[in-house]
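*Asks:* Pasting target.tsv here (TSV, C-alpha atoms and all ligand atoms):
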```
chain	number	residue	atom	x	y	z
A	1	LEU	CA	52.60	-90.79	26.14
A	2	SER	CA	51.85	-91.90	22.58
A	3	ARG	CA	51.68	-89.32	19.82
A	4	ALA	CA	48.32	-87.55	19.35
A	5	LYS	CA	46.23	-88.95	16.50
A	6	LEU	CA	45.89	-86.94	13.30
A	7	PRO	CA	42.23	-86.19	12.46
A	8	PHE	CA	40.96	-85.94	8.87
A	9	VAL	CA	38.00	-83.56	8.69
A	10	SER	CA	35.85	-83.49	5.58
A	11	THR	CA	32.27	-83.18	4.37
A	12	GLN	CA	33.06	-85.53	1.48
A	13	ASP	CA	31.33	-88.90	1.48
A	14	GLN	CA	32.88	-91.74	3.42
A	15	ALA	CA	34.44	-93.44	0.39
A	16	ALA	CA	36.28	-90.27	-0.64
A	17	SER	CA	37.42	-89.67	2.94
A	18	GLU	CA	38.73	-93.22	3.16
A	19	GLN	CA	40.71	-92.79	-0.05
A	20	TRP	CA	42.39	-89.73	1.44
A	21	ILE	CA	42.99	-91.43	4.79
A	22	ASN	CA	44.64	-94.37	3.01
A	23	ALA	CA	46.86	-92.22	0.81
A	24	LEU	CA	47.84	-89.97	3.72
A	25	GLY	CA	48.48	-93.00	5.92
A	26	GLN	CA	50.84	-94.47	3.33
A	27	ALA	CA	52.73	-91.19	3.14
A	28	MET	CA	52.91	-90.95	6.96
A	29	PRO	CA	53.44	-94.44	8.39
A	30	THR	CA	54.25	-93.09	11.87
A	31	GLU	CA	50.97	-91.15	12.17
A	32	THR	CA	47.55	-92.53	13.04
A	33	ILE	CA	45.11	-90.78	10.72
A	34	VAL	CA	41.42	-91.18	11.47
A	35	ARG	CA	38.15	-89.43	10.77
A	36	LEU	CA	37.44	-86.82	13.45
A	37	GLN	CA	34.18	-88.62	14.14
A	38	ASP	CA	36.18	-91.66	15.30
A	39	LEU	CA	38.16	-89.81	18.01
A	40	SER	CA	37.17	-89.74	21.68
A	41	GLU	CA	36.84	-86.42	23.47
A	42	GLN	CA	40.20	-86.91	25.21
A	43	GLU	CA	41.87	-87.74	21.91
A	44	ARG	CA	40.36	-84.64	20.29
A	45	ALA	CA	41.72	-82.45	23.07
A	46	ARG	CA	45.25	-83.62	22.26
A	47	CYS	CA	45.12	-82.65	18.57
A	48	ASP	CA	47.04	-79.53	17.55
A	49	VAL	CA	46.87	-80.13	13.79
A	50	ALA	CA	44.23	-81.57	11.44
A	51	ILE	CA	44.10	-82.39	7.74
A	52	VAL	CA	41.01	-80.99	6.03
A	53	ALA	CA	39.08	-81.22	2.76
A	54	ASN	CA	36.09	-78.85	2.80
A	55	PRO	CA	35.67	-79.26	6.57
A	56	ASP	CA	32.45	-78.61	8.41
A	57	PRO	CA	33.32	-75.66	10.73
A	58	ALA	CA	31.20	-77.18	13.50
A	59	LEU	CA	33.42	-80.28	13.43
A	60	LEU	CA	36.60	-78.19	13.61
A	61	ARG	CA	35.25	-76.55	16.76
A	62	LEU	CA	35.34	-80.00	18.39
A	63	LEU	CA	39.16	-79.66	18.44
A	64	PRO	CA	39.76	-77.14	21.28
A	65	ASN	CA	43.57	-77.08	20.98
A	66	LEU	CA	43.89	-76.90	17.22
A	67	LYS	CA	46.86	-74.72	16.11
A	68	TRP	CA	46.56	-75.17	12.36
A	69	VAL	CA	44.92	-77.15	9.58
A	70	HIS	CA	46.41	-78.45	6.35
A	71	SER	CA	43.98	-78.40	3.45
A	72	VAL	CA	44.47	-80.93	0.66
A	73	TRP	CA	43.03	-78.43	-1.85
A	74	ALA	CA	44.88	-75.54	-3.50
A	75	GLY	CA	41.91	-73.13	-3.28
A	76	VAL	CA	40.63	-72.09	0.15
A	77	ASP	CA	37.84	-69.66	-0.85
A	78	ARG	CA	35.05	-72.06	0.08
A	79	MET	CA	36.64	-72.96	3.38
A	80	LEU	CA	37.18	-69.29	4.30
A	81	ALA	CA	33.58	-68.46	3.43
A	82	GLU	CA	32.25	-71.35	5.50
A	83	LEU	CA	34.51	-70.70	8.50
A	84	GLY	CA	33.47	-67.04	8.81
A	85	ALA	CA	35.57	-64.89	11.16
A	86	THR	CA	38.49	-67.04	12.28
A	87	ASP	CA	42.09	-66.76	13.42
A	88	LEU	CA	42.89	-70.36	12.56
A	89	ASN	CA	46.19	-70.97	10.74
A	90	ILE	CA	45.32	-72.46	7.37
A	91	VAL	CA	47.87	-74.12	5.11
A	92	ARG	CA	46.77	-74.88	1.57
A	93	LEU	CA	48.20	-77.37	-0.89
A	94	VAL	CA	51.10	-76.09	-2.99
A	95	ASP	CA	51.98	-79.03	-5.20
A	96	PRO	CA	54.43	-78.65	-8.12
A	97	GLN	CA	52.80	-81.69	-9.75
A	98	LEU	CA	49.42	-79.93	-9.65
A	99	ALA	CA	51.03	-76.82	-11.13
A	100	GLN	CA	52.43	-78.92	-14.01
A	101	THR	CA	49.07	-80.62	-14.61
A	102	MET	CA	47.35	-77.25	-14.67
A	103	ALA	CA	50.03	-75.76	-16.94
A	104	GLU	CA	49.51	-78.64	-19.36
A	105	ALA	CA	45.77	-77.88	-19.45
A	106	VAL	CA	46.48	-74.19	-20.04
A	107	LEU	CA	48.76	-75.04	-22.95
A	108	ALA	CA	46.30	-77.60	-24.38
A	109	TRP	CA	43.34	-75.22	-24.39
A	110	THR	CA	45.42	-72.25	-25.53
A	111	LEU	CA	46.54	-74.32	-28.53
A	112	TYR	CA	42.92	-75.39	-29.08
A	113	LEU	CA	41.97	-71.74	-29.45
A	114	HIS	CA	45.19	-70.78	-31.25
A	115	ARG	CA	44.55	-73.40	-33.95
A	116	ASP	CA	40.88	-72.33	-34.30
A	117	MET	CA	39.39	-75.63	-33.27
A	118	PRO	CA	36.00	-74.16	-32.23
A	119	THR	CA	35.71	-72.60	-35.70
A	120	TYR	CA	36.64	-75.83	-37.50
A	121	LEU	CA	34.24	-77.80	-35.31
A	122	ALA	CA	31.43	-75.42	-36.31
A	123	GLN	CA	32.47	-75.65	-39.98
A	124	GLN	CA	32.48	-79.45	-39.86
A	125	LYS	CA	28.88	-79.42	-38.63
A	126	LEU	CA	28.03	-77.38	-41.74
A	127	GLY	CA	30.19	-79.48	-44.08
A	128	LEU	CA	32.23	-76.38	-44.79
A	129	TRP	CA	35.77	-76.72	-46.23
A	130	HIS	CA	37.54	-73.45	-45.48
A	131	ALA	CA	41.06	-72.85	-44.16
A	132	HIS	CA	41.65	-69.67	-42.16
A	133	ASP	CA	44.89	-67.65	-42.13
A	134	TYR	CA	47.56	-68.94	-39.80
A	135	ILE	CA	49.11	-66.57	-37.24
A	136	ALA	CA	52.24	-67.85	-35.47
A	137	PRO	CA	52.31	-68.02	-31.65
A	138	GLN	CA	55.11	-65.45	-31.48
A	139	ASP	CA	52.56	-62.99	-32.89
A	140	LYS	CA	49.96	-63.80	-30.25
A	141	PHE	CA	49.85	-62.52	-26.69
A	142	VAL	CA	48.63	-64.60	-23.76
A	143	GLY	CA	47.67	-62.67	-20.62
A	144	VAL	CA	47.80	-64.70	-17.41
A	145	MET	CA	45.80	-63.34	-14.47
A	146	GLY	CA	47.38	-64.62	-11.23
A	147	MET	CA	51.10	-65.38	-11.23
A	148	GLY	CA	51.20	-67.70	-8.24
A	149	ALA	CA	52.16	-71.37	-8.15
A	150	LEU	CA	49.81	-72.19	-11.04
A	151	GLY	CA	50.13	-69.00	-13.09
A	152	GLN	CA	53.93	-69.17	-13.18
A	153	ALA	CA	53.98	-72.80	-14.28
A	154	ALA	CA	51.43	-71.97	-17.01
A	155	ALA	CA	53.38	-68.91	-18.17
A	156	SER	CA	56.57	-71.00	-18.49
A	157	LYS	CA	54.84	-73.61	-20.64
A	158	LEU	CA	53.32	-70.90	-22.86
A	159	LEU	CA	56.76	-69.33	-23.35
A	160	GLN	CA	58.17	-72.71	-24.38
A	161	ALA	CA	55.41	-72.87	-27.01
A	162	ASN	CA	56.64	-69.46	-28.33
A	163	PHE	CA	53.70	-67.30	-27.28
A	164	LYS	CA	54.25	-63.76	-26.04
A	165	VAL	CA	53.26	-63.89	-22.38
A	166	GLY	CA	52.23	-61.29	-19.80
A	167	GLY	CA	51.30	-61.90	-16.18
A	168	TRP	CA	49.09	-59.84	-13.86
A	169	SER	CA	49.50	-60.10	-10.10
A	170	ARG	CA	49.18	-58.00	-6.94
A	171	THR	CA	52.94	-57.60	-6.61
A	172	HIS	CA	55.30	-57.69	-9.61
A	173	SER	CA	56.19	-61.19	-10.78
A	174	GLN	CA	59.77	-61.93	-11.80
A	175	LEU	CA	59.64	-64.57	-14.47
A	176	ASN	CA	62.19	-64.30	-17.27
A	177	GLY	CA	60.53	-63.45	-20.56
A	178	VAL	CA	57.15	-62.62	-19.03
A	179	GLN	CA	55.97	-59.03	-19.02
A	180	SER	CA	54.70	-58.18	-15.53
A	181	PHE	CA	51.57	-56.08	-14.90
A	182	THR	CA	50.05	-54.91	-11.60
A	183	GLY	CA	47.16	-52.72	-10.49
A	184	VAL	CA	43.97	-51.90	-12.39
A	185	ASP	CA	45.89	-49.82	-14.94
A	186	GLY	CA	48.27	-52.70	-15.51
A	187	LEU	CA	45.37	-55.07	-16.01
A	188	VAL	CA	43.79	-52.78	-18.58
A	189	GLN	CA	47.13	-52.49	-20.42
A	190	MET	CA	47.48	-56.25	-20.47
A	191	LEU	CA	43.91	-56.90	-21.62
A	192	GLU	CA	44.22	-54.46	-24.50
A	193	GLN	CA	46.88	-56.62	-26.16
A	194	THR	CA	45.57	-60.04	-25.17
A	195	ASP	CA	44.59	-62.77	-27.63
A	196	PHE	CA	44.07	-65.43	-24.96
A	197	LEU	CA	43.24	-64.51	-21.37
A	198	ILE	CA	43.98	-67.19	-18.77
A	199	CYS	CA	42.42	-66.77	-15.33
A	200	LEU	CA	44.37	-68.42	-12.50
A	201	LEU	CA	43.48	-66.01	-9.68
A	202	PRO	CA	42.23	-67.09	-6.28
A	203	LEU	CA	38.64	-66.11	-5.49
A	204	THR	CA	38.83	-63.34	-2.87
A	205	PRO	CA	36.74	-60.24	-2.05
A	206	ASP	CA	39.01	-58.35	-4.50
A	207	THR	CA	38.74	-60.78	-7.41
A	208	ARG	CA	35.04	-61.68	-7.12
A	209	GLY	CA	33.32	-60.29	-10.21
A	210	LEU	CA	36.57	-58.73	-11.45
A	211	LEU	CA	35.92	-59.85	-15.01
A	212	ASN	CA	32.78	-57.81	-15.64
A	213	SER	CA	31.62	-56.14	-18.85
A	214	ALA	CA	33.67	-52.98	-18.20
A	215	MET	CA	36.84	-55.04	-17.78
A	216	MET	CA	36.09	-57.43	-20.67
A	217	ALA	CA	35.51	-54.42	-22.92
A	218	HIS	CA	39.27	-53.82	-22.83
A	219	LEU	CA	39.87	-57.12	-24.61
A	220	PRO	CA	40.09	-57.03	-28.43
A	221	THR	CA	37.17	-58.71	-30.22
A	222	ARG	CA	39.56	-61.44	-31.41
A	223	ALA	CA	40.26	-62.40	-27.77
A	224	SER	CA	39.14	-65.54	-25.95
A	225	ILE	CA	38.98	-66.30	-22.22
A	226	ILE	CA	40.05	-69.46	-20.41
A	227	ASN	CA	38.79	-69.58	-16.82
A	228	PHE	CA	40.46	-72.33	-14.80
A	229	ALA	CA	40.27	-70.55	-11.42
A	230	ARG	CA	36.81	-69.97	-9.91
A	231	GLY	CA	33.48	-69.27	-11.59
A	232	ALA	CA	32.59	-66.24	-9.47
A	233	ILE	CA	35.62	-64.23	-10.69
A	234	LEU	CA	33.82	-63.81	-14.01
A	235	ILE	CA	30.34	-62.29	-14.26
A	236	ASP	CA	28.42	-64.87	-16.17
A	237	ALA	CA	25.74	-62.62	-17.65
A	238	ASP	CA	28.40	-60.14	-18.79
A	239	LEU	CA	30.35	-62.92	-20.49
A	240	ARG	CA	27.25	-64.10	-22.32
A	241	ALA	CA	26.45	-60.57	-23.47
A	242	ALA	CA	30.02	-60.08	-24.74
A	243	LEU	CA	29.98	-63.41	-26.62
A	244	ASP	CA	26.54	-62.74	-28.11
A	245	ALA	CA	27.60	-59.27	-29.23
A	246	GLY	CA	30.74	-60.65	-30.89
A	247	ALA	CA	32.88	-58.59	-28.51
A	248	LEU	CA	34.68	-61.79	-27.50
A	249	LYS	CA	35.50	-64.82	-29.60
A	250	HIS	CA	35.25	-67.79	-27.28
A	251	ALA	CA	35.33	-68.90	-23.64
A	252	VAL	CA	36.72	-72.15	-22.24
A	253	LEU	CA	35.16	-72.58	-18.81
A	254	ASP	CA	36.26	-75.24	-16.33
A	255	VAL	CA	34.71	-73.60	-13.27
A	256	PHE	CA	31.25	-72.21	-12.54
A	257	GLU	CA	29.57	-70.41	-9.69
A	258	HIS	CA	27.35	-73.47	-9.15
A	259	GLU	CA	28.91	-76.87	-9.76
A	260	PRO	CA	27.98	-79.23	-11.24
A	261	LEU	CA	26.70	-76.95	-14.00
A	262	ALA	CA	22.90	-77.36	-14.27
A	263	PRO	CA	21.69	-79.28	-17.38
A	264	ASP	CA	19.58	-76.27	-18.47
A	265	SER	CA	22.48	-73.84	-18.20
A	266	TRP	CA	23.01	-71.67	-21.31
A	267	HIS	CA	26.73	-72.51	-21.49
A	268	TRP	CA	26.23	-76.10	-22.67
A	269	ARG	CA	24.72	-75.13	-25.99
A	270	HIS	CA	26.43	-71.80	-26.70
A	271	GLU	CA	28.58	-72.17	-29.81
A	272	ARG	CA	31.21	-69.80	-28.43
A	273	VAL	CA	31.59	-71.70	-25.16
A	274	THR	CA	33.54	-74.85	-24.33
A	275	VAL	CA	32.39	-76.43	-21.05
A	276	LEU	CA	34.75	-78.52	-18.94
A	277	PRO	CA	33.71	-80.29	-15.70
A	278	HIS	CA	36.30	-78.78	-13.30
A	279	CYS	CA	38.96	-81.11	-14.64
A	280	SER	CA	41.86	-78.80	-15.53
A	281	GLY	CA	43.90	-79.30	-12.35
A	282	PRO	CA	42.91	-82.50	-10.56
A	283	THR	CA	44.65	-83.16	-7.24
A	284	SER	CA	46.82	-86.27	-7.13
A	285	LEU	CA	46.20	-88.18	-3.89
A	286	GLU	CA	49.76	-89.43	-4.00
A	287	THR	CA	51.74	-86.23	-4.54
A	288	ALA	CA	49.39	-84.18	-2.35
A	289	SER	CA	49.76	-86.70	0.49
A	290	ALA	CA	53.55	-86.61	0.20
A	291	ILE	CA	53.53	-82.83	0.53
A	292	VAL	CA	51.16	-82.86	3.50
A	293	ALA	CA	53.39	-85.54	5.09
A	294	GLN	CA	56.49	-83.39	4.71
A	295	ASN	CA	54.77	-80.38	6.28
A	296	ILE	CA	53.33	-82.38	9.19
A	297	SER	CA	56.65	-84.08	9.88
A	298	ARG	CA	58.49	-80.73	9.99
A	299	PHE	CA	55.86	-79.45	12.43
A	300	ARG	CA	56.18	-82.54	14.65
A	301	ALA	CA	59.99	-82.19	14.63
A	302	ASN	CA	60.40	-78.51	15.47
A	303	GLY	CA	56.99	-76.83	15.58
A	304	THR	CA	57.45	-74.93	12.25
A	305	LEU	CA	54.38	-74.18	10.20
A	306	PRO	CA	54.48	-73.88	6.41
A	307	THR	CA	53.38	-70.56	4.89
A	308	THR	CA	49.80	-69.95	5.99
A	309	VAL	CA	46.94	-68.32	4.11
A	310	ASP	CA	46.75	-64.55	4.67
A	311	LEU	CA	43.23	-64.29	6.10
A	312	LYS	CA	42.97	-60.56	5.31
A	313	ARG	CA	43.93	-60.99	1.63
A	314	GLY	CA	41.92	-64.20	1.39
A	315	TYR	CA	44.62	-66.30	-0.30
B	401	LIG	N1	40.21	-75.61	-11.90
B	401	LIG	C1	40.94	-76.35	-11.11
B	401	LIG	O1	40.95	-77.57	-11.24
B	401	LIG	C2	41.82	-75.70	-10.06
B	401	LIG	C3	42.79	-76.48	-9.42
B	401	LIG	C4	43.61	-75.87	-8.47
B	401	LIG	C5	43.46	-74.52	-8.17
B	401	LIG	N2	42.51	-73.78	-8.79
B	401	LIG	C6	42.38	-72.33	-8.49
B	401	LIG	O2	43.56	-71.65	-8.84
B	401	LIG	C7	43.78	-70.61	-7.88
B	401	LIG	C8	45.23	-70.14	-7.91
B	401	LIG	O3	46.08	-71.11	-7.32
B	401	LIG	P1	47.63	-70.80	-6.97
B	401	LIG	O4	48.14	-71.98	-6.25
B	401	LIG	O5	48.36	-70.36	-8.19
B	401	LIG	O6	47.46	-69.53	-5.98
B	401	LIG	P2	48.61	-68.56	-5.42
B	401	LIG	O7	49.95	-69.24	-5.48
B	401	LIG	O8	48.13	-68.05	-4.11
B	401	LIG	O9	48.66	-67.36	-6.49
B	401	LIG	C9	47.68	-66.38	-6.58
B	401	LIG	C10	48.12	-65.31	-7.57
B	401	LIG	O10	47.06	-64.37	-7.78
B	401	LIG	C11	47.52	-63.07	-7.52
B	401	LIG	N3	46.46	-62.26	-6.94
B	401	LIG	C12	45.67	-62.54	-5.88
B	401	LIG	N4	44.80	-61.53	-5.64
B	401	LIG	C13	45.06	-60.60	-6.57
B	401	LIG	C14	44.51	-59.32	-6.85
B	401	LIG	N5	43.51	-58.81	-6.11
B	401	LIG	N6	45.01	-58.61	-7.88
B	401	LIG	C15	46.04	-59.10	-8.62
B	401	LIG	N7	46.61	-60.31	-8.41
B	401	LIG	C16	46.12	-61.05	-7.40
B	401	LIG	C17	48.67	-63.23	-6.54
B	401	LIG	O11	49.51	-62.07	-6.58
B	401	LIG	P3	50.87	-62.02	-5.70
B	401	LIG	O12	51.83	-62.93	-6.44
B	401	LIG	O13	51.32	-60.62	-5.77
B	401	LIG	O14	50.53	-62.50	-4.33
B	401	LIG	C18	49.33	-64.50	-7.07
B	401	LIG	O15	50.18	-64.19	-8.15
B	401	LIG	C19	43.33	-71.27	-6.57
B	401	LIG	O16	42.99	-70.28	-5.62
B	401	LIG	C20	42.14	-72.09	-7.00
B	401	LIG	O17	40.96	-71.34	-6.86
B	401	LIG	C21	41.70	-74.35	-9.74
```
Can the structure from this file be put into structure tokens for me?
*Replies:*
Amino acid sequence: LSRAKLPFVSTQDQAASEQWINALGQAMPTETIVRLQDLSEQERARCDVAIVANPDPALLRLLPNLKWVHSVWAGVDRMLAELGATDLNIVRLVDPQLAQTMAEAVLAWTLYLHRDMPTYLAQQKLGLWHAHDYIAPQDKFVGVMGMGALGQAAASKLLQANFKVGGWSRTHSQLNGVQSFTGVDGLVQMLEQTDFLICLLPLTPDTRGLLNSAMMAHLPTRASIINFARGAILIDADLRAALDAGALKHAVLDVFEHEPLAPDSWHWRHERVTVLPHCSGPTSLETASAIVAQNISRFRANGTLPTTVDLKRGY
């Protein structure tokens, strides 16, 4: 009997799906990867694994013997919300290349804030020649929320750039040179000394709305926020109020509750906000496909699954 085909399940448009199918096919020459829509009922019944990118849950239900799915995205919040109650094994993308790309963005935008670029941009518009005092990175503290694959890579890069770095996570993180914080008390302690707050948490029931006005009030007024995780972790109206009141200096936002950000959204024109179009950690088709290929091939060889998402925790 020939090997079961490997379905790709996605709500993306056909061109995007085909790009993925091509890249995955090149990484897995012994697999036959096709859109789920192109499989017969008998072929579907033989599938125990599928590769997904924002899958339609109704389509996944067409695979009666599915044991697990491999997502090509790092974040699974949208998929979990759309799937509802499920006991499906979900594997998400953990790609060291993505972590490096994200860490580079964290360093770039931290330096942007550290060297006062928003201030100088505003001064240029006014034709104002005025140099501000310089404070060295070793005298500035960066707080990283979420010390997973992305948070750890970011923290390492920030250390190399001589910043003082702290990391907040559910369980203590063990990264040399990084002060570890846990729990609500730990978060408050970290925020109180933070100059630049980097959010790299997954969106879960516990982190939704975590950065509200009460929490942001623990940040010094000189502090700025960089949100590269998910828009809904930060309460938008509370952020605006804090920025307007001068309780926060600046926010660099790459993610929003509704994307793309609407043209009439207040963020675009707020002088204390830098808007980015969800570009901080783009997935590389090539490296992501290689990682999916490795995981699928291990499963085909001996039935082992990579670490799956903890459905209770939501990440
Ligand atoms: N903007 C972009 O382009 C982009 C690209 C890729 C990913 N992302 C986002 O980045 C997120 C993080 O990715 P990742 O690969 O680093 O995830 P990860 O490896 O699962 O790490 C998550 C981290 O958050 C911590 N955490 C989770 N819930 C927590 C809570 N309630 N309290 C305290 N800490 C908590 C975890 O603590 P423990 O270590 O104790 O488990 C862990 O350190 C993704 O979920 C995705 O939404 C954004």
*Asks:* Select, from A:Glu82, A:Asp38, A:Glu31, A:Asp195, the residue with the minimum atom-to-atom distance to Leu111 in chain A, counting all atoms listed in the file.
*Replies:*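 Distance minimum relative to Leu111 in chain A lands on A:Asp195.
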*Asks:* Box for ligand LIG 401 (chain B): with edges along x, y and z, all listed atoms inside and 4 Å added on each side, what are the centre and edge lengths in Å to one decimal, as JSON?
*Replies:*
```
{"center_x": 46.0, "center_y": -68.1, "center_z": -8.0, "size_x": 19.6, "size_y": 27.0, "size_z": 15.8}
```
*Asks:* Residues within 8 Å of ligand LIG 401 (chain B) should be enumerated using only C-alpha atoms and all ligand atoms and returned as an NGL selection string.
*Replies:* :A and (73-77 or 93-94 or 98-99 or 102 or 145-152 or 168-173 or 182-183 or 200-204 or 206-207 or 227-230 or 254-255 or 278-283 or 313 or 315)
*Asks:* Is it possible to get the residues within 10 Å of (42.1, -84.7, 22.1) (coordinates as in the file, counting only C-alpha atoms) written as a list of chain:residue names?
*Replies:*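 Selection result: A:Ala4, A:Lys5, A:Leu6, A:Pro7, A:Leu39, A:Ser40, A:Glu41, A:Gln42, A:Glu43, A:Arg44, A:Ala45, A:Arg46, A:Cys47, A:Asp48, A:Leu62, A:Leu63, A:Pro64, A:Asn65, A:Leu66.
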*Asks:* Please produce a file of the residues just selected, as a PDB file, in the frame of the given file, where the atoms kept are C-alpha atoms.
*Replies:*
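As written to disk, out-v2.pdb reads:
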```
ATOM      1  CA  ALA A   4      48.320 -87.550  19.350  1.00  0.00           C
ATOM      2  CA  LYS A   5      46.230 -88.950  16.500  1.00  0.00           C
ATOM      3  CA  LEU A   6      45.890 -86.940  13.300  1.00  0.00           C
ATOM      4  CA  PRO A   7      42.230 -86.190  12.460  1.00  0.00           C
ATOM      5  CA  LEU A  39      38.160 -89.810  18.010  1.00  0.00           C
ATOM      6  CA  SER A  40      37.170 -89.740  21.680  1.00  0.00           C
ATOM      7  CA  GLU A  41      36.840 -86.420  23.470  1.00  0.00           C
ATOM      8  CA  GLN A  42      40.200 -86.910  25.210  1.00  0.00           C
ATOM      9  CA  GLU A  43      41.870 -87.740  21.910  1.00  0.00           C
ATOM     10  CA  ARG A  44      40.360 -84.640  20.290  1.00  0.00           C
ATOM     11  CA  ALA A  45      41.720 -82.450  23.070  1.00  0.00           C
ATOM     12  CA  ARG A  46      45.250 -83.620  22.260  1.00  0.00           C
ATOM     13  CA  CYS A  47      45.120 -82.650  18.570  1.00  0.00           C
ATOM     14  CA  ASP A  48      47.040 -79.530  17.550  1.00  0.00           C
ATOM     15  CA  LEU A  62      35.340 -80.000  18.390  1.00  0.00           C
ATOM     16  CA  LEU A  63      39.160 -79.660  18.440  1.00  0.00           C
ATOM     17  CA  PRO A  64      39.760 -77.140  21.280  1.00  0.00           C
ATOM     18  CA  ASN A  65      43.570 -77.080  20.980  1.00  0.00           C
ATOM     19  CA  LEU A  66      43.890 -76.900  17.220  1.00  0.00           C
TER      20      LEU A  66
END
```
*Asks:* Interatomic distance between CA of Leu24 in chain A and CA of Gln12 in chain A?
*Replies:* 15.6 Å
*Asks:* Counting all atoms listed in the file, which of A:Thr221, A:Asn89, A:Ser17, A:Ser71 gets nearest to Thr308 in chain A?
*Replies:*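 Counting all atoms listed in the file, the residue closest to Thr308 in chain A is A:Asn89.
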*Asks:* Using all atoms listed in the file, list the residues that have an atom at most 7 Å from (43.6, -90.1, -3.2), coordinates as in the file, as a list of chain:residue names.
*Replies:*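 Nearby residues: A:Gln19, A:Trp20, A:Ala23, A:Ser284, A:Leu285, A:Glu286.
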*Asks:* Counting only C-alpha atoms, which residue out of A:Asn176, A:Asn22, A:Ser10, A:Thr119 sits closest to Leu36 in chain A?
*Replies:*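 Under the stated criterion, the closest residue is A:Ser10.
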*Asks:* For a test of reading the model, state the distance in Å between CA of Ala242 in chain A and CA of Ala217 in chain A, rounded to one decimal.
*Replies:*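 Calculated distance between CA of Ala242 in chain A and CA of Ala217 in chain A is 8.1 Å.
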*Asks:* Under the rule that only C-alpha atoms are counted, which of A:Leu1, A:Leu158, A:Leu175, A:Ala27 is the nearest residue to Ser289 in chain A?
*Replies:*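 Among A:Leu1, A:Leu158, A:Leu175, A:Ala27, it is A:Ala27 that comes nearest to Ser289 in chain A.
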*Asks:* Limit the output to all heavy atoms and give range 79-83 of chain A as an mmCIF file, in the first residue's frame.
*Replies:*
```cif
data_model
loop_
_atom_site.group_PDB
_atom_site.id
_atom_site.type_symbol
_atom_site.label_atom_id
_atom_site.label_comp_id
_atom_site.auth_asym_id
_atom_site.auth_seq_id
_atom_site.Cartn_x
_atom_site.Cartn_y
_atom_site.Cartn_z
ATOM 1 N N MET A 79 -6.148 29.637 16.046
ATOM 2 C CA MET A 79 -6.572 28.269 15.745
ATOM 3 C C MET A 79 -7.340 27.665 16.916
ATOM 4 O O MET A 79 -8.393 27.046 16.736
ATOM 5 C CB MET A 79 -5.338 27.434 15.435
ATOM 6 C CG MET A 79 -5.655 26.016 15.088
ATOM 7 S SD MET A 79 -4.149 25.191 14.533
ATOM 8 C CE MET A 79 -4.758 23.538 14.413
ATOM 9 N N LEU A 80 -6.831 27.871 18.147
ATOM 10 C CA LEU A 80 -7.513 27.322 19.326
ATOM 11 C C LEU A 80 -8.895 27.939 19.470
ATOM 12 O O LEU A 80 -9.863 27.247 19.784
ATOM 13 C CB LEU A 80 -6.681 27.566 20.585
ATOM 14 C CG LEU A 80 -5.397 26.746 20.710
ATOM 15 C CD1 LEU A 80 -4.687 27.069 22.015
ATOM 16 C CD2 LEU A 80 -5.686 25.254 20.620
ATOM 17 N N ALA A 81 -9.003 29.241 19.231
ATOM 18 C CA ALA A 81 -10.294 29.914 19.359
ATOM 19 C C ALA A 81 -11.266 29.370 18.322
ATOM 20 O O ALA A 81 -12.437 29.116 18.627
ATOM 21 C CB ALA A 81 -10.119 31.425 19.195
ATOM 22 N N GLU A 82 -10.783 29.157 17.107
ATOM 23 C CA GLU A 82 -11.680 28.702 16.043
ATOM 24 C C GLU A 82 -12.060 27.228 16.196
ATOM 25 O O GLU A 82 -13.164 26.838 15.824
ATOM 26 C CB GLU A 82 -11.037 28.963 14.671
ATOM 27 C CG GLU A 82 -11.049 30.447 14.330
ATOM 28 C CD GLU A 82 -10.315 30.802 13.047
ATOM 29 O OE1 GLU A 82 -9.717 29.909 12.418
ATOM 30 O OE2 GLU A 82 -10.334 31.995 12.687
ATOM 31 N N LEU A 83 -11.160 26.425 16.754
ATOM 32 C CA LEU A 83 -11.453 24.997 16.910
ATOM 33 C C LEU A 83 -12.468 24.732 18.016
ATOM 34 O O LEU A 83 -13.194 23.761 17.972
ATOM 35 C CB LEU A 83 -10.182 24.208 17.233
ATOM 36 C CG LEU A 83 -9.225 23.901 16.085
ATOM 37 C CD1 LEU A 83 -8.010 23.149 16.610
ATOM 38 C CD2 LEU A 83 -9.915 23.074 14.999
#
```
